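**Student:** Provided herewith is a single structure, encoded as structure tokens, for subsequent inquiry.
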Amino acid sequence: MNGKHITKLGFERKAIGLALAAAKAREGAGVERGAILYELKSVQADPAAYLAGGVYAELATELSEQNALSEIKKGAALLPSPLPYAVWGADLIEPGARAQMDVAMRLPITRAGALMPDAHVGYGLPIGGVLAAENAVIPYGVGVDIGCSMRLSVFAMQPDALKLEEAKILLLKHTRFGAGVAFDKRERGDHAVLHETTWDDQPILGHLFEKAAAQIGSSGSGNHFAEFGTLTLGAADLGLEAGEYLALLSHSGSRGFGAQVAGHFTNLAERLHPNIDPAAKKLAWLSLDSEEGQAYWQAMNLAGRYALANHELIHARLARALGVNVLASVHNSHNLAWKQQVDGQELIVHRKGATPAAAGQLGLIPGSMADPGFVVRGRGHADALESASHGAGRQLGRKAAASKLVKKEVAAYLKERGVTLMGGGIDEAPQAYKRIEDVIAHQSDLVDVVAQFMPRVVRMDSGSEDI
DNA sequence: ATGTAC
């Protein structure tokens, strides 16, 4: 047992010597190293339990003092009650999501927030939550899939000119779905984001580069999809005449790269807030004045650009295979944090499953695998922190969907709407989602609908159970 | 959402 073992556990300053002394004493008593490390971790997790006496008492005292000091420094105590925040579609939102938002509105760094009509429970901040913080960023206020985003390409082609069989072949050939999935070396795509020097700025980014390079242009699992469908423009917009167009809509994120960045920095944030109220544990933040906060900000934005690059490759491959021009395209990130002016002050606005909707800003709000999605234009509502929903939102959790929904009824729903599905888990069934029409209706003051997209051929990961 | 773990 040496100092290296101790510092690796995260002990600092005077605690290093005390931990080492205690460890030596335990070694002397014949305790194995693994057991000692476990004991040290237990003292670290709950020093109060070791204050009374024993070999770890001195260490526990020092740790308690260090924790108290760091909590004062970081101002970690929660407000006694949540700051007020606006809610859209309150009758559509489960109590659990409200409770999570209430906790987020009690963080000392929180200045404003809002809840979108597709809100449901997530880790830390609810999905559909918007949170403005002062000079701090919350890794789980952004979410695990950093930079998760949407992209739409409108093609110079009539919707029915693409035959069903060809659409299926194209999607199968040019997209990759599933956890851990990557491209073979010779099939790999390339993009400017892979040539940024940012990857050299942090060890974690360097370590993840190879994974990112292998997975670029892929789509992942869960609710991610790529689908051909019909875009209906009721009036001229997006530089297009009114009418119907063949279009491609995709939902993808930052894959393993973003997930590992998220995991790394939320662990770091939790370690820096050892005494945070347990209710807010997953909302641990990083100050933008700290090295850690700046490192997350850089990594988060790289993951955001990487996620958009994934879409660009998916769309470029399919457009090229189709051999048609792209007439218009729209994209937006819906899991990210932005610097934004709020009431004349620059704040960090986290959108975790929320579409940026500044006045005039275009965005995409999908429904489900067999329900329409919408191209929207933001109205810049201040109380929503210039945001809207990022989809319909779950009505049933993944487990509830798998146990309650019947394959036959899902298949009938798809057939009725003329949707062909490749892959897709029962937990992604349309019946697992809120009615998109209701969700859109509840945010008519946040966005205007520009166009409607009806999916026709959908590819997703297979999930736990196929439909 | 990720892909098998401080």
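In the structure tokens, the first chain shown is A, the next is B, and so on; residue numbers restart at 1 for each chain, and ligands run from 1 in the order shown.
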Give me, as a ChimeraX atom specification, the contact residues of chain B against chain A at a cut-off of 10 Å, counting only C-alpha atoms (C1' of nucleotides).
**Tutor:** /B:1-3,6
**Student:** Would you mind listing what lies within 8 Å of region 298-315 of chain A as an MDAnalysis selection string, with only C-alpha atoms (C1' of nucleotides) counted and same-chain residues fewer than 6 positions away left out?
**Tutor:** chainID A and resid 146:151 153 174:175 189 191 193 198 205 216:219 248 250:255 257:258 261 333 336
**Student:** Please run DSSP on the backbone and report, as a PyMOL selection string, all residues within region 166-400 of chain A that come out as strand (DSSP E).
**Tutor:** chain A and resi 225-233+243-252+286-287+326-333+335-342+345-352+354-356+362-365+373-378+387-389
**Student:** Within 12 Å of Gly425 (chain A), counting only C-alpha atoms (C1' of nucleotides), which residues qualify if same-chain residues fewer than 6 places away don't, as a list of chain:residue names?
**Tutor:**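 Counting only the stated atoms, we get A:Gly178, A:Ser221, A:Gly222, A:Asn223, A:His224, A:Phe225, A:Met369, A:Arg398, A:Lys399, A:Ala401, A:Ala402, A:Leu405, A:Val406, A:Lys407, A:Val410, A:Ala411, A:Gln431, A:Ala432, A:Arg459, A:Met460, A:Asp461, A:Ser462, A:Gly463, A:Ser464, A:Glu465, A:Asp466, A:Ile467.
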**Student:** Among region 203-297 of chain A, which residues carry a DSSP assignment of helix (DSSP H, G or I), reported as a ChimeraX atom specification?
**Tutor:** /A:203-215,255-272,278-283,291-297
**Student:** For the atom pair CA of Ser287 (chain A) and CA of Gly206 (chain A), what is the interatomic distance in Å to one decimal place?
**Tutor:**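 Between CA of Ser287 (chain A) and CA of Gly206 (chain A) the gap works out to 23.2 Å.
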**Student:** Expressed in Å to a single decimal, how great is the separation between CA of Ala358 (chain A) and CA of Ala119 (chain A)?
**Tutor:**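 It comes out at 19.5 Å.
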